[in-house]
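Novice: Structure file entry.tsv (TSV, C-alpha atoms) right here:
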```
chain	number	residue	atom	x	y	z
A	167	MET	CA	0.00	0.00	0.00
A	168	GLY	CA	1.33	3.45	-0.93
A	169	ALA	CA	1.88	6.29	1.50
A	170	ASP	CA	-1.21	8.31	2.33
A	171	PRO	CA	-0.59	11.94	1.24
A	172	VAL	CA	-3.10	13.15	3.84
A	173	ALA	CA	-1.11	11.51	6.63
A	174	GLU	CA	2.02	13.18	5.29
A	175	VAL	CA	0.38	16.55	6.04
A	176	THR	CA	-1.68	15.92	9.19
A	177	GLY	CA	0.14	12.96	10.76
A	178	ASP	CA	-2.04	10.60	12.76
A	179	ARG	CA	-4.88	13.06	13.35
A	180	PRO	CA	-7.88	13.36	11.02
A	181	VAL	CA	-8.33	16.36	8.76
A	182	GLY	CA	-10.35	19.05	10.52
A	183	VAL	CA	-13.20	20.48	8.43
A	184	ALA	CA	-15.23	23.64	9.01
A	185	ILE	CA	-18.56	23.83	7.15
A	186	VAL	CA	-20.07	27.23	6.33
A	187	ASP	CA	-23.58	27.07	4.87
A	188	ASP	CA	-26.86	28.82	5.68
A	189	HIS	CA	-29.01	25.74	4.98
A	190	PRO	CA	-29.12	23.39	8.00
A	191	VAL	CA	-30.23	20.44	5.86
A	192	VAL	CA	-27.10	20.83	3.70
A	193	VAL	CA	-24.88	21.06	6.77
A	194	ASP	CA	-26.44	17.91	8.22
A	195	GLY	CA	-25.99	16.05	4.95
A	196	VAL	CA	-22.35	17.05	4.51
A	197	ARG	CA	-21.60	16.23	8.14
A	198	ALA	CA	-23.05	12.74	7.56
A	199	TRP	CA	-20.85	12.33	4.47
A	200	MET	CA	-17.75	13.38	6.41
A	201	ALA	CA	-18.59	10.83	9.11
A	202	THR	CA	-18.16	7.99	6.61
A	203	GLU	CA	-14.46	8.80	6.16
A	204	PRO	CA	-12.26	8.18	9.24
A	205	ARG	CA	-9.64	10.63	7.99
A	206	LEU	CA	-12.10	13.53	8.26
A	207	THR	CA	-13.69	15.18	11.28
A	208	VAL	CA	-16.10	18.13	11.33
A	209	LEU	CA	-14.91	20.68	13.89
A	210	ALA	CA	-17.54	23.39	13.51
A	211	THR	CA	-20.52	24.40	11.37
A	212	GLY	CA	-22.60	27.52	10.91
A	213	ASP	CA	-23.73	30.25	8.53
A	214	ASP	CA	-21.12	32.87	9.47
A	215	PRO	CA	-17.52	32.22	8.36
A	216	ASP	CA	-15.99	34.32	11.13
A	217	GLU	CA	-17.97	32.62	13.89
A	218	VAL	CA	-17.27	29.15	12.50
A	219	LEU	CA	-13.54	29.77	12.33
A	220	ARG	CA	-13.46	31.32	15.78
A	221	ALA	CA	-14.93	28.04	16.98
A	222	ALA	CA	-12.45	25.98	14.94
A	223	PRO	CA	-9.33	28.04	14.19
A	224	GLU	CA	-7.34	24.85	13.63
A	225	ALA	CA	-9.52	23.66	10.73
A	226	ASP	CA	-7.45	22.32	7.83
A	227	VAL	CA	-10.16	22.84	5.20
A	228	VAL	CA	-13.10	25.25	5.02
A	229	LEU	CA	-16.08	24.04	2.98
A	230	LEU	CA	-17.76	27.30	2.00
A	231	ASP	CA	-21.16	27.86	0.40
A	232	LEU	CA	-20.53	30.60	-2.17
A	233	ARG	CA	-23.94	32.22	-1.57
A	234	LEU	CA	-24.70	33.14	2.05
A	235	HIS	CA	-27.83	34.99	3.17
A	236	GLY	CA	-28.74	35.95	-0.38
A	237	ARG	CA	-25.39	37.35	-1.52
A	238	MET	CA	-22.29	35.95	-3.16
A	239	ALA	CA	-19.41	35.57	-0.72
A	240	LEU	CA	-16.50	36.07	-3.11
A	241	ASP	CA	-15.07	38.83	-0.93
A	242	LYS	CA	-15.08	36.58	2.14
A	243	LEU	CA	-13.57	33.77	0.04
A	244	ALA	CA	-10.73	36.07	-1.02
A	245	GLU	CA	-10.22	37.19	2.57
A	246	LEU	CA	-10.02	33.63	3.90
A	247	SER	CA	-7.70	32.54	1.11
A	248	ALA	CA	-5.42	35.51	1.72
A	249	THR	CA	-4.90	34.32	5.30
A	250	GLY	CA	-3.74	30.92	4.03
A	251	ARG	CA	-6.98	28.99	4.51
A	252	ARG	CA	-7.66	26.05	2.22
A	253	VAL	CA	-11.15	26.90	1.02
A	254	VAL	CA	-13.27	24.49	-1.02
A	255	VAL	CA	-16.24	26.27	-2.55
A	256	TYR	CA	-19.47	24.26	-2.39
A	257	SER	CA	-22.16	25.84	-4.52
A	258	GLU	CA	-25.21	25.37	-6.73
A	259	HIS	CA	-23.86	28.09	-9.07
A	260	THR	CA	-21.92	26.01	-11.60
A	261	ASP	CA	-21.53	28.25	-14.63
A	262	PRO	CA	-17.91	28.54	-15.82
A	263	GLU	CA	-17.72	32.25	-15.01
A	264	THR	CA	-18.67	31.70	-11.36
A	265	MET	CA	-16.31	28.74	-11.03
A	266	LEU	CA	-13.37	30.70	-12.41
A	267	ALA	CA	-14.23	33.73	-10.27
A	268	ALA	CA	-14.12	31.53	-7.18
A	269	LEU	CA	-10.83	29.93	-8.19
A	270	ASP	CA	-9.33	33.32	-9.02
A	271	ALA	CA	-10.43	34.52	-5.58
A	272	GLY	CA	-8.32	31.79	-4.01
A	273	ALA	CA	-10.48	28.67	-3.69
A	274	VAL	CA	-8.39	25.50	-3.88
A	275	ALA	CA	-11.29	23.59	-5.46
A	276	PHE	CA	-14.87	24.04	-6.65
A	277	LEU	CA	-17.53	21.44	-5.86
A	278	ALA	CA	-21.10	21.52	-7.16
A	279	LYS	CA	-23.83	20.90	-4.59
A	280	HIS	CA	-25.44	18.25	-6.77
A	281	GLU	CA	-22.27	16.15	-6.66
A	282	GLY	CA	-22.45	13.38	-4.12
A	283	ARG	CA	-20.57	12.07	-1.14
A	284	GLU	CA	-17.72	10.48	-3.09
A	285	HIS	CA	-16.70	13.71	-4.77
A	286	CYS	CA	-17.24	15.82	-1.65
A	287	VAL	CA	-15.02	13.58	0.47
A	288	ALA	CA	-12.39	13.25	-2.27
A	289	THR	CA	-12.24	17.01	-2.84
A	290	VAL	CA	-11.75	17.78	0.87
A	291	LEU	CA	-9.07	15.10	1.26
A	292	ALA	CA	-7.24	16.38	-1.80
A	293	ALA	CA	-7.43	19.96	-0.55
A	294	ALA	CA	-6.01	18.95	2.84
A	295	SER	CA	-2.95	17.46	1.17
A	296	ASP	CA	-2.56	20.37	-1.27
A	297	ARG	CA	-3.35	18.21	-4.28
A	298	PRO	CA	-5.71	19.16	-7.12
A	299	TYR	CA	-8.99	17.39	-7.71
A	300	VAL	CA	-11.28	17.97	-10.67
A	301	PRO	CA	-14.89	17.03	-9.88
A	302	PRO	CA	-17.18	16.27	-12.85
A	303	ALA	CA	-19.01	19.62	-12.84
A	304	LEU	CA	-15.77	21.59	-13.04
A	305	ALA	CA	-14.40	19.32	-15.75
A	306	GLY	CA	-17.65	19.44	-17.71
A	307	ALA	CA	-17.89	23.22	-17.53
A	308	MET	CA	-14.34	23.70	-18.74
A	309	VAL	CA	-13.76	20.97	-21.32
A	310	GLY	CA	-14.69	21.59	-24.93
A	311	ASP	CA	-14.79	25.37	-24.82
A	312	PRO	CA	-12.33	26.42	-27.54
A	313	ARG	CA	-11.37	30.05	-27.17
A	314	PRO	CA	-9.73	32.35	-29.69
A	315	ASP	CA	-7.70	33.91	-26.87
A	316	ARG	CA	-6.12	30.63	-25.83
A	317	PRO	CA	-2.41	31.20	-25.16
A	318	MET	CA	0.13	29.01	-26.89
A	319	LEU	CA	2.33	27.12	-24.45
A	320	SER	CA	5.56	25.38	-25.34
A	321	ASP	CA	5.89	21.65	-24.80
A	322	LYS	CA	8.12	22.25	-21.78
A	323	GLU	CA	5.70	24.77	-20.29
A	324	ARG	CA	2.82	22.35	-20.68
A	325	GLU	CA	4.85	19.47	-19.22
A	326	ALA	CA	5.88	21.58	-16.22
A	327	LEU	CA	2.29	22.68	-15.62
A	328	LEU	CA	0.93	19.15	-15.90
A	329	LEU	CA	3.49	17.75	-13.46
A	330	TRP	CA	2.94	20.68	-11.10
A	331	PHE	CA	-0.80	20.06	-11.14
A	332	GLN	CA	-0.11	16.41	-10.34
A	333	SER	CA	2.49	17.10	-7.66
A	334	MET	CA	2.75	18.91	-4.35
A	335	SER	CA	5.73	21.15	-5.13
A	336	LYS	CA	7.84	22.66	-7.86
A	337	ALA	CA	10.81	20.81	-6.37
A	338	SER	CA	9.23	17.46	-7.22
A	339	VAL	CA	8.54	18.68	-10.76
A	340	ALA	CA	12.18	19.72	-11.10
A	341	ARG	CA	13.32	16.23	-10.10
A	342	ARG	CA	10.95	14.62	-12.61
A	343	MET	CA	12.06	16.89	-15.46
A	344	GLN	CA	15.72	16.85	-14.38
A	345	ILE	CA	15.89	20.63	-14.38
A	346	SER	CA	16.27	23.24	-11.65
A	347	GLU	CA	13.40	24.38	-9.47
A	348	HIS	CA	14.07	27.91	-10.74
A	349	THR	CA	13.45	26.74	-14.31
A	350	VAL	CA	10.16	25.11	-13.27
A	351	LYS	CA	9.10	28.40	-11.69
A	352	GLN	CA	10.00	30.20	-14.92
A	353	TYR	CA	7.82	27.83	-16.96
A	354	VAL	CA	4.85	28.33	-14.61
A	355	ASP	CA	5.36	32.10	-14.52
A	356	ARG	CA	5.51	32.24	-18.32
A	357	ALA	CA	2.19	30.42	-18.53
A	358	ARG	CA	0.65	32.91	-16.07
A	359	ILE	CA	2.01	35.84	-18.08
A	360	LYS	CA	0.61	34.42	-21.32
A	361	TYR	CA	-2.83	34.07	-19.74
A	362	THR	CA	-2.64	37.60	-18.34
A	363	ARG	CA	-1.73	38.98	-21.77
A	364	ALA	CA	-4.69	37.07	-23.23
A	365	GLY	CA	-6.96	38.90	-20.78
A	366	ARG	CA	-7.62	35.78	-18.72
A	367	PRO	CA	-5.39	36.02	-15.65
A	368	ALA	CA	-5.10	33.01	-13.35
A	369	ALA	CA	-3.97	34.13	-9.92
A	370	THR	CA	-4.03	30.74	-8.20
A	371	LYS	CA	-2.88	27.20	-8.98
A	372	ALA	CA	-6.51	26.05	-9.08
A	373	ALA	CA	-7.44	28.85	-11.49
A	374	LEU	CA	-4.49	28.08	-13.74
A	375	LEU	CA	-5.51	24.41	-13.79
A	376	ALA	CA	-9.06	25.39	-14.75
A	377	ARG	CA	-7.80	27.63	-17.56
A	378	ALA	CA	-5.59	24.84	-18.89
A	379	ILE	CA	-8.49	22.37	-18.84
A	380	GLU	CA	-10.76	24.93	-20.44
A	381	ASP	CA	-8.33	25.36	-23.33
A	382	GLY	CA	-7.66	21.67	-23.81
A	383	LEU	CA	-4.03	22.03	-22.73
A	384	VAL	CA	-4.61	19.56	-19.90
A	385	ARG	CA	-7.22	16.82	-19.71
A	386	PRO	CA	-8.97	16.21	-16.37
A	387	GLU	CA	-8.02	12.53	-16.46
A	388	GLU	CA	-4.34	13.52	-16.65
A	389	ILE	CA	-4.59	15.07	-13.20
A	390	GLY	CA	-5.87	11.91	-11.58
A	391	ILE	CA	-8.52	11.39	-8.95
A	392	TYR	CA	-7.82	11.29	-5.24
A	393	ARG	CA	-9.22	8.00	-3.99
A	394	SER	CA	-9.71	6.45	-0.57
A	395	GLN	CA	-6.60	4.56	0.48
A	396	ALA	CA	-8.67	1.82	2.11
A	397	THR	CA	-10.70	1.18	-1.02
A	398	TYR	CA	-8.32	1.74	-3.89
A	399	ASP	CA	-4.68	1.64	-2.85
A	400	ARG	CA	-4.26	-2.10	-2.86
A	401	PRO	CA	-1.19	-3.86	-4.24
A	402	THR	CA	-1.46	-4.78	-7.90
A	403	PRO	CA	-1.57	-8.57	-8.40
```
Rewrite the structure of this file - the entire thing - as structure tokens.
Specialist:
Amino acid sequence: MGADPVAEVTGDRPVGVAIVDDHPVVVDGVRAWMATEPRLTVLATGDDPDEVLRAAPEADVVLLDLRLHGRMALDKLAELSATGRRVVVYSEHTDPETMLAALDAGAVAFLAKHEGREHCVATVLAAASDRPYVPPALAGAMVGDPRPDRPMLSDKEREALLLWFQSMSKASVARRMQISEHTVKQYVDRARIKYTRAGRPAATKAALLARAIEDGLVRPEEIGIYRSQATYDRPTP
């Protein structure tokens, strides 16, 4: 059995999750989903992000409803992300513009509310270990949308991006490509600059991943899916 990337980040303790949603039935449902995964524990819930995080300042992941009390919470999302919080947006608003706005504001992942327990649990676990996860709604919204303003990336830039999306650090990408970490950073920075010049800036890793999927530069299946160790990480016969 391979090493569990969640354990590499949190050690023996479960991942602490804070749920922010103004619909009690949603909170109850997500809490029940989290209870099925021993590596997750819900530390606090509520409809006010500040109150929830005062109750659980040690939370590893914040699951945030993007619309709270009738208004979009993009400003609060940006504020939480700026403080270093891993925020997974959980929303019924699944148009590509809203998804990209959330990712540009700092969300580490975007999960549609109609997606079930498997994807919710997988997204939170991936976020806790700083790994990308592409749920079906995000993939479906982005794939197959050819744009005239798609930037042209070199083969090396695309390879560096793909490995970075699959890995936890630029250092690991450098080892895979047998180049320096500085060169990896240059490749990633060039891609960001090209997107900015195309009028489609991608401020975060998650946003850059979404742009690359949107333009067909990366396929969702190339990123891989975070799966439960207990269920999937068995030795190959």
Novice: Counting only C-alpha atoms, find residues at most 9 Å from (3.2, 22.5, -13.6) (file frame) and give them as a list in words.
Specialist: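 With a cut-off of 9 Å, the residues come to Glu323, Arg324, Glu325, Ala326, Leu327, Leu328, Leu329, Trp330, Phe331, Gln332, Ser333, Ser335, Lys336, Val339, Val350, Lys351, Tyr353, Val354, Lys371 and Leu375 of chain A.
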Novice: Rank nothing, just name the residue among A:Val218, A:Lys360, A:Leu277, A:Ala210 nearest to Ser320 (chain A), using all atoms listed in the file.
Specialist: A:Lys360
Novice: Quick one: of A:Ala364, A:Leu269, A:Ala294, A:Met238, who's nearest to Arg251 (chain A), counting all atoms listed in the file?
Specialist: A:Ala294
Novice: Please report the interatomic distance between CA of Arg385 (chain A) and CA of Val300 (chain A) in Å with one decimal.
Specialist: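 Separation of CA of Arg385 (chain A) and CA of Val300 (chain A): 10.0 Å.
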Novice: So that I can check the surroundings of Thr202 (chain A), please list as a list of chain:residue names every protein, DNA and RNA residue that reaches within 12 Å of it, counting only C-alpha atoms and ignoring chain neighbours fewer than 2 positions away.
Specialist: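 Result of the neighbour search: A:Gly195, A:Val196, A:Arg197, A:Ala198, A:Trp199, A:Met200, A:Pro204, A:Arg205, A:Leu206, A:Thr207, A:Val208, A:Arg283, A:Glu284, A:Cys286, A:Val287, A:Ala288, A:Ser394.
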Novice: Could you pull the residues within 9 Å of Pro215 (chain A), counting all atoms listed in the file, minus those fewer than 6 positions along the same chain, as a PyMOL selection string?
Specialist: chain A and resi 184-187+228+230+242+246
Novice: Nearest to Pro301 (chain A): which of A:Thr289, A:Gln344, A:Thr264, A:Ser257 is it, counting all atoms listed in the file?
Specialist: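 Smallest distance to Pro301 (chain A) is found for A:Thr289.
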Novice: Find the residues near Asp226 (chain A): any atom within 7 Å, counting all atoms listed in the file, skip ones fewer than 4 places away on the same chain, and give them as a list in words.
Specialist: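 Using all atoms listed in the file, the neighbours found are Val181, Gly182, Val183, Arg252 and Ala294 of chain A.
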Novice: I'd like the interatomic distance between CA of Arg233 (chain A) and CA of Ala373 (chain A), to a tenth of an Å.
Specialist: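 Computing the Euclidean distance for CA of Arg233 (chain A) and CA of Ala373 (chain A) yields 19.5 Å.
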Novice: Compare A:Ala275, A:Ile345, A:Ala305, A:Leu234 by their minimum atom-to-atom distance to Ala293 (chain A), counting all atoms listed in the file, and give me the closest one.
Specialist: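 Among the listed residues, the smallest separation from Ala293 (chain A) belongs to A:Ala275.
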Novice: Could you tell me which of A:Asp296, A:Ser346, A:Glu217, A:Lys279 comes closest to Val253 (chain A) if we count only C-alpha atoms?
Specialist: A:Asp296
Novice: Counting all atoms listed in the file, figure out which residue out of A:Ala248, A:Met318, A:Val274, A:Leu232 gets nearest to Arg297 (chain A).
Specialist: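 Result for the nearest residue to Arg297 (chain A): A:Val274.
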Novice: What is the distance between CA of His259 (chain A) and CA of Ala278 (chain A), in Å to one decimal?
Specialist: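 These atoms are spaced 7.4 Å apart.
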Novice: Provide region 177-202 of chain A rebuilt to N, CA, C and O atoms, formatted as a compact mmCIF listing (two decimals), in the coordinates of the input.
Specialist:
```txt
# COMPACT_ATOMS: atom_id res chain seq x y z
N GLY A 177 -0.33 13.97 9.81
CA GLY A 177 0.14 12.96 10.76
C GLY A 177 -0.97 11.98 11.08
O GLY A 177 -1.73 11.57 10.22
N ASP A 178 -1.06 11.61 12.35
CA ASP A 178 -2.04 10.60 12.76
C ASP A 178 -3.45 11.18 12.97
O ASP A 178 -4.41 10.43 13.04
N ARG A 179 -3.56 12.49 13.08
CA ARG A 179 -4.88 13.06 13.35
C ARG A 179 -5.71 13.18 12.08
O ARG A 179 -5.16 13.32 10.98
N PRO A 180 -7.03 13.15 12.20
CA PRO A 180 -7.88 13.36 11.02
C PRO A 180 -7.85 14.81 10.55
O PRO A 180 -7.50 15.72 11.32
N VAL A 181 -8.23 15.01 9.33
CA VAL A 181 -8.33 16.36 8.76
C VAL A 181 -9.51 17.08 9.40
O VAL A 181 -10.64 16.57 9.41
N GLY A 182 -9.27 18.26 9.92
CA GLY A 182 -10.35 19.05 10.52
C GLY A 182 -11.07 19.88 9.48
O GLY A 182 -10.44 20.62 8.71
N VAL A 183 -12.39 19.78 9.44
CA VAL A 183 -13.20 20.48 8.43
C VAL A 183 -14.15 21.44 9.12
O VAL A 183 -14.80 21.09 10.12
N ALA A 184 -14.24 22.66 8.58
CA ALA A 184 -15.23 23.64 9.01
C ALA A 184 -16.22 23.83 7.87
O ALA A 184 -15.82 24.07 6.73
N ILE A 185 -17.52 23.71 8.17
CA ILE A 185 -18.56 23.83 7.15
C ILE A 185 -19.32 25.13 7.34
O ILE A 185 -19.85 25.39 8.42
N VAL A 186 -19.35 25.94 6.28
CA VAL A 186 -20.07 27.23 6.33
C VAL A 186 -21.17 27.19 5.29
O VAL A 186 -20.92 27.20 4.08
N ASP A 187 -22.43 27.13 5.76
CA ASP A 187 -23.58 27.07 4.87
C ASP A 187 -24.79 27.56 5.65
O ASP A 187 -24.89 27.32 6.85
N ASP A 188 -25.69 28.28 4.97
CA ASP A 188 -26.86 28.82 5.68
C ASP A 188 -28.09 27.94 5.51
O ASP A 188 -29.21 28.39 5.79
N HIS A 189 -27.91 26.69 5.08
CA HIS A 189 -29.01 25.74 4.98
C HIS A 189 -28.73 24.55 5.90
O HIS A 189 -27.86 23.72 5.58
N PRO A 190 -29.40 24.47 7.03
CA PRO A 190 -29.12 23.39 8.00
C PRO A 190 -29.20 22.00 7.40
O PRO A 190 -28.41 21.12 7.77
N VAL A 191 -30.10 21.77 6.44
CA VAL A 191 -30.23 20.44 5.86
C VAL A 191 -28.96 20.08 5.07
O VAL A 191 -28.54 18.91 5.05
N VAL A 192 -28.35 21.07 4.43
CA VAL A 192 -27.10 20.83 3.70
C VAL A 192 -25.98 20.52 4.69
O VAL A 192 -25.20 19.58 4.48
N VAL A 193 -25.91 21.30 5.75
CA VAL A 193 -24.88 21.06 6.77
C VAL A 193 -25.00 19.65 7.34
O VAL A 193 -24.01 18.93 7.48
N ASP A 194 -26.22 19.25 7.66
CA ASP A 194 -26.44 17.91 8.22
C ASP A 194 -26.02 16.82 7.23
O ASP A 194 -25.42 15.82 7.62
N GLY A 195 -26.35 17.03 5.96
CA GLY A 195 -25.99 16.05 4.95
C GLY A 195 -24.49 15.93 4.77
O GLY A 195 -23.94 14.82 4.71
N VAL A 196 -23.80 17.07 4.69
CA VAL A 196 -22.35 17.05 4.51
C VAL A 196 -21.68 16.46 5.74
O VAL A 196 -20.71 15.69 5.64
N ARG A 197 -22.17 16.80 6.91
CA ARG A 197 -21.60 16.23 8.14
C ARG A 197 -21.72 14.70 8.12
O ARG A 197 -20.78 13.98 8.51
N ALA A 198 -22.86 14.19 7.65
CA ALA A 198 -23.05 12.74 7.56
C ALA A 198 -22.06 12.13 6.56
O ALA A 198 -21.53 11.04 6.80
N TRP A 199 -21.83 12.83 5.44
CA TRP A 199 -20.85 12.33 4.47
C TRP A 199 -19.45 12.28 5.08
O TRP A 199 -18.72 11.30 4.90
N MET A 200 -19.08 13.33 5.80
CA MET A 200 -17.75 13.38 6.41
C MET A 200 -17.57 12.25 7.42
O MET A 200 -16.47 11.71 7.58
N ALA A 201 -18.67 11.87 8.09
CA ALA A 201 -18.59 10.83 9.11
C ALA A 201 -18.29 9.45 8.54
O ALA A 201 -17.89 8.55 9.27
N THR A 202 -18.46 9.29 7.23
CA THR A 202 -18.16 7.99 6.61
C THR A 202 -16.68 7.81 6.31
O THR A 202 -16.27 6.72 5.93
```
